[in-house]
Every structure is written in structure tokens, then in C-alpha cells.
>>> print(open('start_21.cif').read())   # mmCIF, C-alpha atoms and all ligand atoms
data_target
#
loop_
_atom_site.label_atom_id
_atom_site.label_comp_id
_atom_site.auth_asym_id
_atom_site.auth_seq_id
_atom_site.Cartn_x
_atom_site.Cartn_y
_atom_site.Cartn_z
CA MET W 576 -20.72 8.78 10.58
CA LYS W 577 -18.03 10.00 12.99
CA ILE W 578 -14.70 8.52 11.86
CA ALA W 579 -11.35 8.85 13.66
CA PHE W 580 -8.43 8.87 11.18
CA ILE W 581 -4.90 8.17 12.42
CA GLY W 582 -1.89 8.77 10.15
CA LEU W 583 -2.48 11.55 7.63
CA GLY W 584 0.70 11.27 5.56
CA ASN W 585 1.05 10.91 1.79
CA MET W 586 -1.72 8.32 1.60
CA GLY W 587 -3.85 9.00 4.70
CA GLY W 588 -4.14 12.73 3.95
CA GLY W 589 -6.04 12.17 0.70
CA MET W 590 -8.05 9.25 2.10
CA ALA W 591 -9.31 11.32 5.06
CA ALA W 592 -10.21 14.18 2.70
CA ASN W 593 -12.33 11.76 0.65
CA LEU W 594 -14.19 10.63 3.79
CA VAL W 595 -15.00 14.30 4.48
CA LYS W 596 -16.19 14.73 0.87
CA ALA W 597 -18.47 11.70 1.33
CA GLY W 598 -20.18 13.52 4.21
CA HIS W 599 -18.45 11.91 7.21
CA SER W 600 -17.24 13.89 10.18
CA VAL W 601 -13.51 13.07 10.52
CA ASN W 602 -11.46 13.37 13.74
CA ALA W 603 -7.80 13.49 12.67
CA PHE W 604 -4.60 12.65 14.53
CA ASP W 605 -1.00 12.54 13.30
CA LEU W 606 2.28 13.00 15.18
CA ALA W 607 3.46 15.44 12.48
CA PRO W 608 1.96 18.94 12.94
CA GLU W 609 2.15 19.68 9.20
CA ALA W 610 0.12 16.55 8.35
CA LEU W 611 -2.50 17.58 10.94
CA ALA W 612 -2.61 21.14 9.54
CA ARG W 613 -3.21 19.77 6.01
CA ALA W 614 -6.00 17.54 7.33
CA LYS W 615 -7.62 20.59 8.96
CA ASP W 616 -7.46 22.46 5.62
CA ASN W 617 -9.26 19.48 4.07
CA GLY W 618 -12.16 19.69 6.52
CA CYS W 619 -11.04 17.25 9.28
CA ALA W 620 -11.19 18.17 12.97
CA PRO W 621 -7.62 18.03 14.37
CA PHE W 622 -6.99 16.28 17.73
CA THR W 623 -3.90 16.21 19.93
CA SER W 624 -3.97 12.50 20.79
CA VAL W 625 -5.32 9.21 19.45
CA LYS W 626 -7.29 8.66 22.67
CA GLU W 627 -9.16 11.95 22.22
CA ALA W 628 -9.71 11.44 18.48
CA VAL W 629 -11.38 8.03 18.97
CA GLN W 630 -13.83 9.21 21.68
CA GLY W 631 -17.39 8.57 20.45
CA ALA W 632 -16.22 7.37 17.01
CA ASP W 633 -18.35 5.01 14.90
CA ALA W 634 -15.20 3.83 13.09
CA VAL W 635 -11.42 4.20 13.39
CA VAL W 636 -9.25 4.18 10.23
CA SER W 637 -5.43 4.06 10.39
CA MET W 638 -2.79 4.57 7.66
CA LEU W 639 0.55 4.15 9.44
CA PRO W 640 4.14 3.30 8.42
CA ASN W 641 4.63 -0.20 9.88
CA GLY W 642 3.39 -3.08 12.04
CA ALA W 643 5.17 -2.03 15.26
CA ILE W 644 3.48 1.39 15.14
CA VAL W 645 0.07 -0.11 14.26
CA ASN W 646 0.38 -2.54 17.19
CA SER W 647 1.36 0.14 19.67
CA VAL W 648 -1.33 2.63 18.53
CA TYR W 649 -4.13 0.04 18.72
CA SER W 650 -3.03 -1.62 21.96
CA ALA W 651 -2.26 1.60 23.87
CA ASP W 652 -4.72 4.13 22.48
CA VAL W 653 -7.56 2.62 20.44
CA ILE W 654 -8.62 -0.67 22.09
CA GLY W 655 -10.39 0.22 25.34
CA HIS W 656 -10.66 3.92 24.37
CA ALA W 657 -12.86 3.90 21.24
CA PRO W 658 -16.46 2.81 21.89
CA GLN W 659 -16.75 -0.98 21.66
CA SER W 660 -19.30 -0.49 18.88
CA ALA W 661 -16.68 1.24 16.68
CA LEU W 662 -15.44 -0.67 13.64
CA LEU W 663 -11.62 -0.69 13.43
CA LEU W 664 -9.98 -0.55 9.97
CA ASP W 665 -6.21 -0.65 9.52
CA CYS W 666 -5.30 0.29 5.94
CA SER W 667 -1.50 0.34 6.47
CA THR W 668 0.72 -2.25 4.74
CA ILE W 669 2.08 -4.42 7.57
CA ASP W 670 3.17 -8.00 8.21
CA VAL W 671 0.51 -10.70 8.29
CA ALA W 672 1.49 -11.87 11.80
CA THR W 673 1.04 -8.42 13.36
CA ALA W 674 -2.25 -7.89 11.51
CA ARG W 675 -3.55 -11.14 13.03
CA THR W 676 -2.22 -10.25 16.51
CA VAL W 677 -3.90 -6.83 16.50
CA GLY W 678 -7.10 -8.32 15.00
CA SER W 679 -7.22 -10.95 17.80
CA ALA W 680 -6.62 -8.34 20.51
CA ALA W 681 -9.46 -6.23 19.09
CA ASP W 682 -11.72 -9.27 18.90
CA ALA W 683 -10.92 -10.29 22.49
CA ALA W 684 -11.88 -6.77 23.62
CA GLY W 685 -15.22 -7.01 21.77
CA TYR W 686 -14.40 -4.93 18.66
CA ALA W 687 -14.88 -5.83 15.01
CA MET W 688 -11.69 -5.17 13.03
CA VAL W 689 -10.50 -5.53 9.45
CA ASP W 690 -7.05 -5.30 7.87
CA ALA W 691 -7.61 -3.39 4.62
CA PRO W 692 -4.32 -2.58 2.84
CA VAL W 693 -4.46 -0.79 -0.47
CA SER W 694 -3.17 -1.10 -3.99
CA GLY W 695 -2.62 2.23 -5.73
CA GLY W 696 -0.37 5.12 -4.79
CA ILE W 697 -0.73 8.73 -3.69
CA ALA W 698 -2.68 9.77 -6.83
CA ALA W 699 -5.21 6.98 -6.22
CA ALA W 700 -5.47 7.95 -2.53
CA ASN W 701 -6.18 11.58 -3.51
CA GLY W 702 -8.54 10.59 -6.31
CA GLY W 703 -10.49 8.01 -4.27
CA THR W 704 -9.63 5.21 -6.69
CA LEU W 705 -7.72 2.81 -4.39
CA THR W 706 -8.26 -0.96 -4.37
CA PHE W 707 -8.80 -2.37 -0.87
CA MET W 708 -8.01 -6.02 0.02
CA VAL W 709 -9.90 -6.81 3.19
CA GLY W 710 -9.31 -9.43 5.89
CA GLY W 711 -11.96 -10.01 8.57
CA SER W 712 -15.31 -11.67 9.31
CA ASP W 713 -18.26 -11.42 6.90
CA ASP W 714 -20.02 -9.05 9.31
CA ALA W 715 -16.97 -6.81 9.71
CA PHE W 716 -16.50 -6.72 5.92
CA ALA W 717 -20.16 -5.74 5.40
CA ARG W 718 -19.68 -2.82 7.82
CA ALA W 719 -16.31 -1.81 6.32
CA GLU W 720 -17.38 -1.87 2.68
CA PRO W 721 -19.33 1.44 2.57
CA ILE W 722 -16.55 3.28 4.45
CA LEU W 723 -13.82 1.93 2.17
CA SER W 724 -15.93 2.63 -0.94
CA ALA W 725 -15.74 6.34 -0.11
CA MET W 726 -11.93 6.08 -0.54
CA GLY W 727 -11.62 3.56 -3.35
CA LYS W 728 -13.15 2.09 -6.46
CA THR W 729 -12.70 -1.62 -5.64
CA VAL W 730 -13.21 -3.34 -2.27
CA ILE W 731 -12.58 -7.09 -2.15
CA HIS W 732 -13.07 -9.48 0.78
CA ALA W 733 -9.88 -11.58 0.79
CA GLY W 734 -10.79 -13.83 3.74
CA ALA W 735 -10.35 -13.94 7.53
CA SER W 736 -8.22 -11.57 9.64
CA GLY W 737 -4.77 -11.08 8.03
CA ALA W 738 -5.97 -12.18 4.57
CA GLY W 739 -5.94 -8.59 3.27
CA GLN W 740 -2.24 -8.26 4.15
CA ALA W 741 -1.51 -11.73 2.74
CA ALA W 742 -3.15 -10.82 -0.59
CA LYS W 743 -1.31 -7.48 -0.72
CA ILE W 744 2.17 -8.92 -0.22
CA CYS W 745 1.58 -11.88 -2.55
CA ASN W 746 0.49 -9.41 -5.24
CA ASN W 747 3.44 -7.10 -4.63
CA MET W 748 5.95 -9.96 -4.59
CA LEU W 749 4.64 -10.95 -8.02
CA LEU W 750 4.86 -7.31 -9.13
CA GLY W 751 8.49 -6.95 -7.93
CA ALA W 752 9.60 -10.17 -9.59
CA SER W 753 7.73 -9.43 -12.84
CA MET W 754 9.20 -5.91 -13.00
CA VAL W 755 12.75 -7.27 -12.67
CA ALA W 756 12.02 -9.92 -15.33
CA THR W 757 10.54 -7.27 -17.65
CA CYS W 758 13.55 -4.96 -17.15
CA GLU W 759 16.16 -7.66 -17.82
CA THR W 760 14.22 -8.79 -20.87
CA PHE W 761 14.22 -5.30 -22.44
CA ALA W 762 17.93 -4.94 -21.62
CA MET W 763 18.64 -8.26 -23.35
CA ALA W 764 16.43 -7.38 -26.33
CA GLU W 765 18.48 -4.22 -26.82
CA LYS W 766 21.76 -6.16 -26.63
CA LEU W 767 20.40 -8.55 -29.26
CA GLY W 768 19.85 -5.58 -31.56
CA LEU W 769 16.04 -5.43 -31.37
CA ASP W 770 14.23 -2.12 -31.69
CA LEU W 771 12.56 -1.81 -28.26
CA GLN W 772 9.27 -0.39 -29.54
CA THR W 773 9.08 -3.26 -32.04
CA PHE W 774 9.84 -5.79 -29.31
CA TYR W 775 7.14 -4.17 -27.13
CA ASP W 776 4.63 -4.42 -30.00
CA ILE W 777 5.41 -8.13 -30.34
CA SER W 778 5.71 -9.17 -26.68
CA SER W 779 2.72 -7.12 -25.51
CA LYS W 780 0.61 -9.26 -27.91
CA ALA W 781 2.46 -12.50 -27.14
CA SER W 782 2.82 -14.77 -24.12
CA GLY W 783 5.39 -12.55 -22.36
CA GLN W 784 2.76 -9.85 -21.85
CA ASN W 785 2.41 -8.70 -18.25
CA TRP W 786 1.30 -5.59 -16.28
CA SER W 787 4.87 -4.37 -15.68
CA MET W 788 5.32 -4.25 -19.45
CA THR W 789 1.99 -3.02 -20.82
CA SER W 790 0.78 -0.72 -18.02
CA TYR W 791 4.09 0.35 -16.46
CA CYS W 792 6.77 -0.07 -19.13
CA PRO W 793 10.23 0.62 -17.60
CA VAL W 794 11.64 1.84 -20.95
CA PRO W 795 11.25 5.58 -21.68
CA GLY W 796 9.25 6.31 -24.84
CA VAL W 797 7.90 2.77 -25.16
CA GLY W 798 4.31 1.80 -24.28
CA PRO W 799 1.98 4.08 -22.30
CA GLN W 800 3.10 7.16 -20.34
CA THR W 801 4.84 5.89 -17.17
CA PRO W 802 7.36 7.13 -14.56
CA ALA W 803 10.11 6.04 -17.01
CA ASP W 804 9.02 8.97 -19.21
CA ASN W 805 9.50 11.32 -16.25
CA GLY W 806 13.04 10.38 -15.19
CA TYR W 807 11.59 7.64 -12.89
CA GLN W 808 10.11 10.31 -10.59
CA GLY W 809 6.72 9.77 -8.90
CA GLY W 810 5.03 6.39 -9.18
CA PHE W 811 5.79 3.67 -6.61
CA ALA W 812 9.05 4.32 -4.76
CA THR W 813 11.76 1.64 -4.69
CA ALA W 814 11.85 1.98 -0.86
CA LEU W 815 8.17 1.00 -0.66
CA MET W 816 8.64 -1.94 -3.04
CA LEU W 817 11.54 -3.09 -0.87
CA LYS W 818 9.37 -2.76 2.26
CA ASP W 819 6.70 -4.99 0.67
CA LEU W 820 9.27 -7.55 -0.54
CA LYS W 821 10.74 -7.77 2.97
CA LEU W 822 7.23 -8.36 4.35
CA ALA W 823 6.73 -11.02 1.68
CA MET W 824 10.00 -12.76 2.63
CA ALA W 825 9.00 -12.78 6.32
CA ALA W 826 5.57 -14.22 5.45
CA ALA W 827 7.13 -16.84 3.15
CA LYS W 828 9.47 -17.93 5.96
CA ASP W 829 6.59 -18.20 8.47
CA ALA W 830 4.46 -20.15 5.99
CA GLY W 831 7.32 -22.41 4.78
CA ALA W 832 6.84 -21.20 1.18
CA ASP W 833 9.72 -21.55 -1.29
CA VAL W 834 9.97 -18.23 -3.19
CA PRO W 835 13.22 -18.14 -5.21
CA MET W 836 12.03 -15.42 -7.63
CA GLY W 837 10.59 -13.20 -4.90
CA SER W 838 13.74 -13.67 -2.86
CA ARG W 839 15.99 -12.66 -5.77
CA ALA W 840 13.79 -9.60 -6.44
CA GLU W 841 14.17 -8.63 -2.76
CA GLU W 842 17.99 -8.91 -3.01
CA LEU W 843 18.09 -6.80 -6.18
CA TYR W 844 15.78 -4.09 -4.80
CA ALA W 845 17.77 -3.99 -1.51
CA LYS W 846 21.00 -3.42 -3.48
CA PHE W 847 19.34 -0.77 -5.65
CA ALA W 848 17.93 1.07 -2.60
CA GLU W 849 21.27 0.88 -0.74
CA ALA W 850 22.92 2.59 -3.72
CA GLY W 851 20.78 5.67 -2.99
CA ASN W 852 17.84 4.98 -5.33
CA GLY W 853 15.11 4.45 -2.70
CA GLY W 854 13.20 7.53 -3.87
CA LEU W 855 13.10 6.55 -7.55
CA ASP W 856 10.17 4.66 -9.04
CA PHE W 857 10.72 0.89 -8.77
CA SER W 858 10.89 0.51 -12.57
CA ALA W 859 14.21 2.45 -12.45
CA ILE W 860 15.90 -0.85 -11.52
CA ILE W 861 16.24 -1.30 -15.30
CA LYS W 862 19.26 1.02 -15.05
CA THR W 863 21.19 -1.75 -13.27
CA LEU W 864 20.35 -4.56 -15.70
P1 LIG Q 1 3.80 8.51 5.27
O1 LIG Q 1 5.08 8.35 6.00
O2 LIG Q 1 3.65 9.62 4.28
O3 LIG Q 1 2.59 8.66 6.33
C1 LIG Q 1 2.55 8.01 7.58
C2 LIG Q 1 2.02 9.02 8.60
O4 LIG Q 1 1.88 8.36 9.87
C3 LIG Q 1 2.98 10.20 8.83
O5 LIG Q 1 2.29 11.42 8.62
C4 LIG Q 1 3.43 10.03 10.28
O6 LIG Q 1 3.66 11.25 10.94
C5 LIG Q 1 2.25 9.28 10.87
N1 LIG Q 1 2.56 8.56 12.09
C6 LIG Q 1 3.65 7.79 12.37
N2 LIG Q 1 3.54 7.27 13.61
C7 LIG Q 1 2.37 7.72 14.12
C8 LIG Q 1 1.69 7.53 15.36
N3 LIG Q 1 2.21 6.77 16.33
N4 LIG Q 1 0.51 8.15 15.55
C9 LIG Q 1 -0.02 8.93 14.57
N5 LIG Q 1 0.57 9.15 13.38
C10 LIG Q 1 1.75 8.54 13.17
O7 LIG Q 1 3.49 7.11 4.58
P2 LIG Q 1 2.44 6.79 3.40
O8 LIG Q 1 3.13 6.83 2.09
O9 LIG Q 1 1.21 7.60 3.62
O10 LIG Q 1 2.16 5.25 3.70
C11 LIG Q 1 1.28 4.84 4.73
C12 LIG Q 1 1.04 3.35 4.61
O11 LIG Q 1 0.49 3.08 3.31
C13 LIG Q 1 2.31 2.50 4.70
O12 LIG Q 1 2.00 1.34 5.45
C14 LIG Q 1 2.64 2.19 3.24
O13 LIG Q 1 3.36 1.00 3.09
C15 LIG Q 1 1.25 2.09 2.65
N6 LIG Q 1 1.19 2.34 1.19
C16 LIG Q 1 1.81 3.41 0.65
C17 LIG Q 1 1.73 3.64 -0.73
C18 LIG Q 1 2.40 4.85 -1.37
O14 LIG Q 1 2.47 4.90 -2.60
N7 LIG Q 1 2.86 5.83 -0.60
C19 LIG Q 1 1.02 2.75 -1.54
C20 LIG Q 1 0.36 1.67 -0.95
C21 LIG Q 1 0.46 1.47 0.43
#
>>> encode(input="start_21.cif", output="C-alpha cells")
Amino acid sequence: MKIAFIGLGNMGGGMAANLVKAGHSVNAFDLAPEALARAKDNGCAPFTSVKEAVQGADAVVSMLPNGAIVNSVYSADVIGHAPQSALLLDCSTIDVATARTVGSAADAAGYAMVDAPVSGGIAAANGGTLTFMVGGSDDAFARAEPILSAMGKTVIHAGASGAGQAAKICNNMLLGASMVATCETFAMAEKLGLDLQTFYDISSKASGQNWSMTSYCPVPGVGPQTPADNGYQGGFATALMLKDLKLAMAAAKDAGADVPMGSRAEELYAKFAEAGNGGLDFSAIIKTL
């Protein structure tokens, strides 16, 4: 298959390389020359514009920073320039409203499109082990599934256009709130004189158990190996968690959903990022609690 790939940064770079490994011919475009050079080293064909990269493509995949960029790239350079038979897949994390707007514009122009945001970070993008949450019609999902499977281990149809983004931000709002709750709980356990490994052994087998504790423990030396054991480097950056929480707050407002825990998590992560910690793993928020 000939696939145009737009946005070859931290995530897109590894994803495009996995499409090449799966035997696809990948036309790459990124505004950053170094990202394009890396894509070329990984076997992609570099192009100097989106319009050229999408010529004759069977599918277009994008992995871009935000909704405004996704909207402008699709409306100016993809829709009307890629063949109408091309399947469009946006894997960026963006707001639900923009995902639906771009999906409708694609549909009106005769294209099939899915929103397919991912769970999993740079290591999963490089290793081809991402989870994709897909919004779009049954037919579009059936066409997207084999392409996404070359870049991930799990591909789930979440519902109609925008449902992939909705699932992603609901999941990440729960993750942000549960990480804060896990951090404050360990901080309190310490103040109450509990040995933290002992508390972990109890709570990880009791009703307080959750992913932020047992797969991503924010306390160094407790539980499995996590970014906490590496000075909170690597992992999932606070700035990206904050981005997802802001998207969740916007979606909650649009939908009229009352989200007091998600909203408090967003405030705490905003404060933590403003204090210069945006590059640290999101579990580092334990330092403030
Ligand atoms: P990144 O900044 O490393 O990569 C984005 C790339 O897009 C850059 O190389 C940039 O030059 C390029 N770009 C920007 N505007 C462009 C345009 N108009 N045309 C072509 N290229 C353009 O970001 P990333 O970490 O790869 O994240 C990409 C997306 O994946 C984001 O939506 C992010 O929220 C999501 N995401 C990231 C992670 C993570 O751990 N990094 C995890 C899950 C989801």
C-alpha cells in the first residue's frame, strides 16, 4: 500500500518506520527537516509538501500536535488533493469537536476518515505496541484496522466519528485523577508512619488497587520499575497529561458533564507544569503532595 505520513515527531517517526517494516511504501512529510531526515533513514520517501506526499496515496496517516493544525492540514492540503479513494486516519490527540468537524468535511468530500488516537508513549510507538481507539463508520474501521495493526497491538472500534478522541480523553482524565489520588494516598500513608512497601503490598491486593499504583507506582523503589525509579525522566510528560486534561475539560463543558475530580486534577497539573515541571513524568506530581 502507498501511505502518506504527516507529522514524524516523537510518535510519528516510529509509527512510520513500522509501516515501512510491514512492507508499505511511505511518503513522509514534516515541517521539521530533522524529522524528515530521520524518516528517510528509516526507509520513508521524503516529500517537501503535504500536497505532494498525498498524491496517489491509498491512505493518509497524520500524527500532529493539536486540533488547529490537524484541521488546517486536512482542509488545505489533504481533502481534494489525496485521491478520493484514500482512507484518512488522524492518530493525533485532539479535541472531539475538531475531530468531528474534520471527519464531516472529509465525508462531504467523499472520503472515508477515522480518528484513531493512541494510548502508549514513544517506546510503544517505536515498538509497534500502541493501542488505537478508533472513531468512524464500520466500513472505515474495517479498512483502517490492518493499517493500524502494523503500528499497534490493540485496535478497538470506539464508535462513530469523534468516538476515538472521546474514549482517549475519558481514559486520560481517569488516569490523571487516579494518579493524583494515588500520590496523595502514599504521601498520607507516609505521614501516618506506614512503611510504603508494606502499604503497597496491602493496597495493591485490596480495594484501593488501581493502574497508577500497580503498573506505574509514583514512589521510587516501590512496585514495578517505573519513571519514579529514574528521577521521573521518560514516561508520559506532565505537559502531555495537562494537554489531555484540558481537552477533557473542554469536552466536559460541551457535553454538560460534571467532572469535579477531573477538573481538580487539571488544576493541579496546570500548577505543576507552570512551576517548570512540564518535562517530568506525570507521576512526579507526588513531589507536591
Ligand atoms: P512531536 O511534537 O514530537 O511531533 C509532532 C510533529 O508534527 C513534529 O515533528 C512537527 O514538526 C510536526 N508538525 C507540526 N505541524 C506540522 C504541519 N503543519 N505539517 C507537518 N508536520 C507538522 O509530538 P509527539 O509527541 O509525536 O505527539 C504527536 C501527537 O501524539 C500529539 O497529538 C500527542 O498528544 C499525541 N500523543 C503523544 C504521546 C507521547 O508520549 N509523546 C502519547 C500519546 C499521544
>>> residues_near_ligand(input="start_21.cif", ligand="ligand LIG 1 (chain Q)", cutoff="8 Å", atoms="all atoms listed in the file", output="PDB file with C-alpha atoms, in the coordinates of the input")
ATOM      1  CA  ILE W 581      -4.900   8.170  12.420  1.00  0.00           C
ATOM      2  CA  GLY W 582      -1.890   8.770  10.150  1.00  0.00           C
ATOM      3  CA  LEU W 583      -2.480  11.550   7.630  1.00  0.00           C
ATOM      4  CA  GLY W 584       0.700  11.270   5.560  1.00  0.00           C
ATOM      5  CA  ASN W 585       1.050  10.910   1.790  1.00  0.00           C
ATOM      6  CA  MET W 586      -1.720   8.320   1.600  1.00  0.00           C
ATOM      7  CA  GLY W 587      -3.850   9.000   4.700  1.00  0.00           C
ATOM      8  CA  GLY W 588      -4.140  12.730   3.950  1.00  0.00           C
ATOM      9  CA  PHE W 604      -4.600  12.650  14.530  1.00  0.00           C
ATOM     10  CA  ASP W 605      -1.000  12.540  13.300  1.00  0.00           C
ATOM     11  CA  LEU W 606       2.280  13.000  15.180  1.00  0.00           C
ATOM     12  CA  ALA W 607       3.460  15.440  12.480  1.00  0.00           C
ATOM     13  CA  ALA W 610       0.120  16.550   8.350  1.00  0.00           C
ATOM     14  CA  VAL W 625      -5.320   9.210  19.450  1.00  0.00           C
ATOM     15  CA  MET W 638      -2.790   4.570   7.660  1.00  0.00           C
ATOM     16  CA  LEU W 639       0.550   4.150   9.440  1.00  0.00           C
ATOM     17  CA  PRO W 640       4.140   3.300   8.420  1.00  0.00           C
ATOM     18  CA  ASN W 641       4.630  -0.200   9.880  1.00  0.00           C
ATOM     19  CA  ILE W 644       3.480   1.390  15.140  1.00  0.00           C
ATOM     20  CA  VAL W 645       0.070  -0.110  14.260  1.00  0.00           C
ATOM     21  CA  SER W 647       1.360   0.140  19.670  1.00  0.00           C
ATOM     22  CA  VAL W 648      -1.330   2.630  18.530  1.00  0.00           C
ATOM     23  CA  CYS W 666      -5.300   0.290   5.940  1.00  0.00           C
ATOM     24  CA  SER W 667      -1.500   0.340   6.470  1.00  0.00           C
ATOM     25  CA  THR W 668       0.720  -2.250   4.740  1.00  0.00           C
ATOM     26  CA  ILE W 669       2.080  -4.420   7.570  1.00  0.00           C
ATOM     27  CA  PRO W 692      -4.320  -2.580   2.840  1.00  0.00           C
ATOM     28  CA  VAL W 693      -4.460  -0.790  -0.470  1.00  0.00           C
ATOM     29  CA  SER W 694      -3.170  -1.100  -3.990  1.00  0.00           C
ATOM     30  CA  GLY W 695      -2.620   2.230  -5.730  1.00  0.00           C
ATOM     31  CA  GLY W 696      -0.370   5.120  -4.790  1.00  0.00           C
ATOM     32  CA  ILE W 697      -0.730   8.730  -3.690  1.00  0.00           C
ATOM     33  CA  GLY W 810       5.030   6.390  -9.180  1.00  0.00           C
ATOM     34  CA  PHE W 811       5.790   3.670  -6.610  1.00  0.00           C
ATOM     35  CA  ALA W 812       9.050   4.320  -4.760  1.00  0.00           C
ATOM     36  CA  LEU W 815       8.170   1.000  -0.660  1.00  0.00           C
ATOM     37  CA  LYS W 818       9.370  -2.760   2.260  1.00  0.00           C
ATOM     38  CA  ASP W 819       6.700  -4.990   0.670  1.00  0.00           C
TER      39      ASP W 819
END
>>> residues_around(input="start_21.cif", residues="Ala725 of chain W", least_positions_apart="4", cutoff="9 Å", atoms="all atoms listed in the file", output="VMD selection string")
chain W and resid 590 593 to 594 596 to 597 703 720 to 721
>>> axis_aligned_box(input="start_21.cif", around="segment 704-722 of chain W", padding_each_side="3 Å", output="JSON")
{"center_x": -13.9, "center_y": -3.2, "center_z": 1.5, "size_x": 18.4, "size_y": 22.9, "size_z": 22.4}
>>> residues_around(input="start_21.cif", residues="segment 744-747 of chain W", least_positions_apart="5", cutoff="8 Å", atoms="all atoms listed in the file", output="list in words")
Met816, Asp819, Leu820, Leu822 and Ala823 of chain W
>>> residues_around(input="start_21.cif", residues="Ile578 of chain W", least_positions_apart="2", cutoff="12 Å", atoms="only C-alpha atoms", output="PyMOL selection string")
chain W and resi 576+580-581+590-595+597-604+619-620+628-637+657-658+661-664+719+722-723
>>> atom_distance(input="start_21.cif", atom1="atom CA of Val677 of chain W", atom2="atom CA of Leu750 of chain W")
27.1 Å
>>> closest_residue(input="start_21.cif", among="W:Thr704, W:Ala691, W:Val755, W:Ala717", to="Ser736 of chain W", atoms="all atoms listed in the file")
W:Ala691
>>> residues_around(input="start_21.cif", residues="Tyr807 of chain W", least_positions_apart="5", cutoff="6 Å", atoms="only C-alpha atoms", output="PyMOL selection string")
chain W and resi 802+855-856+859
>>> residues_around(input="start_21.cif", residues="Asp713 of chain W", least_positions_apart="4", cutoff="12 Å", atoms="all atoms listed in the file", output="ChimeraX atom specification")
/W:687-689,709,717-720,731-736
>>> write_last_selection(input="start_21.cif", atoms="C-alpha atoms", output="PDB file, keeping the file's coordinate frame")
ATOM      1  CA  ALA W 687     -14.880  -5.830  15.010  1.00  0.00           C
ATOM      2  CA  MET W 688     -11.690  -5.170  13.030  1.00  0.00           C
ATOM      3  CA  VAL W 689     -10.500  -5.530   9.450  1.00  0.00           C
ATOM      4  CA  VAL W 709      -9.900  -6.810   3.190  1.00  0.00           C
ATOM      5  CA  ALA W 717     -20.160  -5.740   5.400  1.00  0.00           C
ATOM      6  CA  ARG W 718     -19.680  -2.820   7.820  1.00  0.00           C
ATOM      7  CA  ALA W 719     -16.310  -1.810   6.320  1.00  0.00           C
ATOM      8  CA  GLU W 720     -17.380  -1.870   2.680  1.00  0.00           C
ATOM      9  CA  ILE W 731     -12.580  -7.090  -2.150  1.00  0.00           C
ATOM     10  CA  HIS W 732     -13.070  -9.480   0.780  1.00  0.00           C
ATOM     11  CA  ALA W 733      -9.880 -11.580   0.790  1.00  0.00           C
ATOM     12  CA  GLY W 734     -10.790 -13.830   3.740  1.00  0.00           C
ATOM     13  CA  ALA W 735     -10.350 -13.940   7.530  1.00  0.00           C
ATOM     14  CA  SER W 736      -8.220 -11.570   9.640  1.00  0.00           C
TER      15      SER W 736
END
>>> atom_distance(input="start_21.cif", atom1="atom CA of Ala830 of chain W", atom2="atom CA of Ala742 of chain W")
13.7 Å
>>> decode(input="start_21.cif", residues="segment 611-651 of chain W", atoms="C-alpha atoms", output="PDB file, in the first residue's frame")
ATOM      1  CA  LEU W 611      12.105  14.273   7.705  1.00  0.00           C
ATOM      2  CA  ALA W 612      15.783  13.214   7.624  1.00  0.00           C
ATOM      3  CA  ARG W 613      15.127  10.605  10.348  1.00  0.00           C
ATOM      4  CA  ALA W 614      12.127   9.293   8.397  1.00  0.00           C
ATOM      5  CA  LYS W 615      14.336   8.942   5.306  1.00  0.00           C
ATOM      6  CA  ASP W 616      16.883   6.943   7.351  1.00  0.00           C
ATOM      7  CA  ASN W 617      14.009   4.658   8.369  1.00  0.00           C
ATOM      8  CA  GLY W 618      13.066   3.892   4.765  1.00  0.00           C
ATOM      9  CA  CYS W 619      10.371   6.551   4.081  1.00  0.00           C
ATOM     10  CA  ALA W 620      10.407   8.686   0.928  1.00  0.00           C
ATOM     11  CA  PRO W 621      10.712  12.362   1.993  1.00  0.00           C
ATOM     12  CA  PHE W 622       8.437  14.988   0.355  1.00  0.00           C
ATOM     13  CA  THR W 623       8.534  18.777   0.521  1.00  0.00           C
ATOM     14  CA  SER W 624       4.790  19.360   0.948  1.00  0.00           C
ATOM     15  CA  VAL W 625       1.665  17.569   2.162  1.00  0.00           C
ATOM     16  CA  LYS W 626       0.026  18.034  -1.250  1.00  0.00           C
ATOM     17  CA  GLU W 627       2.870  16.185  -2.989  1.00  0.00           C
ATOM     18  CA  ALA W 628       3.090  13.459  -0.335  1.00  0.00           C
ATOM     19  CA  VAL W 629      -0.613  12.544  -0.653  1.00  0.00           C
ATOM     20  CA  GLN W 630      -0.589  12.261  -4.483  1.00  0.00           C
ATOM     21  CA  GLY W 631      -1.676   8.731  -5.442  1.00  0.00           C
ATOM     22  CA  ALA W 632      -1.815   7.552  -1.799  1.00  0.00           C
ATOM     23  CA  ASP W 633      -4.050   4.643  -0.742  1.00  0.00           C
ATOM     24  CA  ALA W 634      -4.119   6.030   2.814  1.00  0.00           C
ATOM     25  CA  VAL W 635      -3.047   9.176   4.687  1.00  0.00           C
ATOM     26  CA  VAL W 636      -1.918   8.921   8.337  1.00  0.00           C
ATOM     27  CA  SER W 637      -1.274  12.018  10.484  1.00  0.00           C
ATOM     28  CA  MET W 638       0.357  12.390  13.928  1.00  0.00           C
ATOM     29  CA  LEU W 639       0.269  16.130  14.661  1.00  0.00           C
ATOM     30  CA  PRO W 640       0.429  18.337  17.777  1.00  0.00           C
ATOM     31  CA  ASN W 641      -3.130  19.727  18.022  1.00  0.00           C
ATOM     32  CA  GLY W 642      -6.600  20.181  16.534  1.00  0.00           C
ATOM     33  CA  ALA W 643      -5.944  23.530  14.829  1.00  0.00           C
ATOM     34  CA  ILE W 644      -3.006  22.029  12.904  1.00  0.00           C
ATOM     35  CA  VAL W 645      -4.952  18.860  12.034  1.00  0.00           C
ATOM     36  CA  ASN W 646      -7.847  20.981  10.738  1.00  0.00           C
ATOM     37  CA  SER W 647      -5.630  23.208   8.626  1.00  0.00           C
ATOM     38  CA  VAL W 648      -3.564  20.324   7.169  1.00  0.00           C
ATOM     39  CA  TYR W 649      -6.665  18.311   6.175  1.00  0.00           C
ATOM     40  CA  SER W 650      -8.725  21.227   4.868  1.00  0.00           C
ATOM     41  CA  ALA W 651      -5.921  22.920   2.908  1.00  0.00           C
TER      42      ALA W 651
END
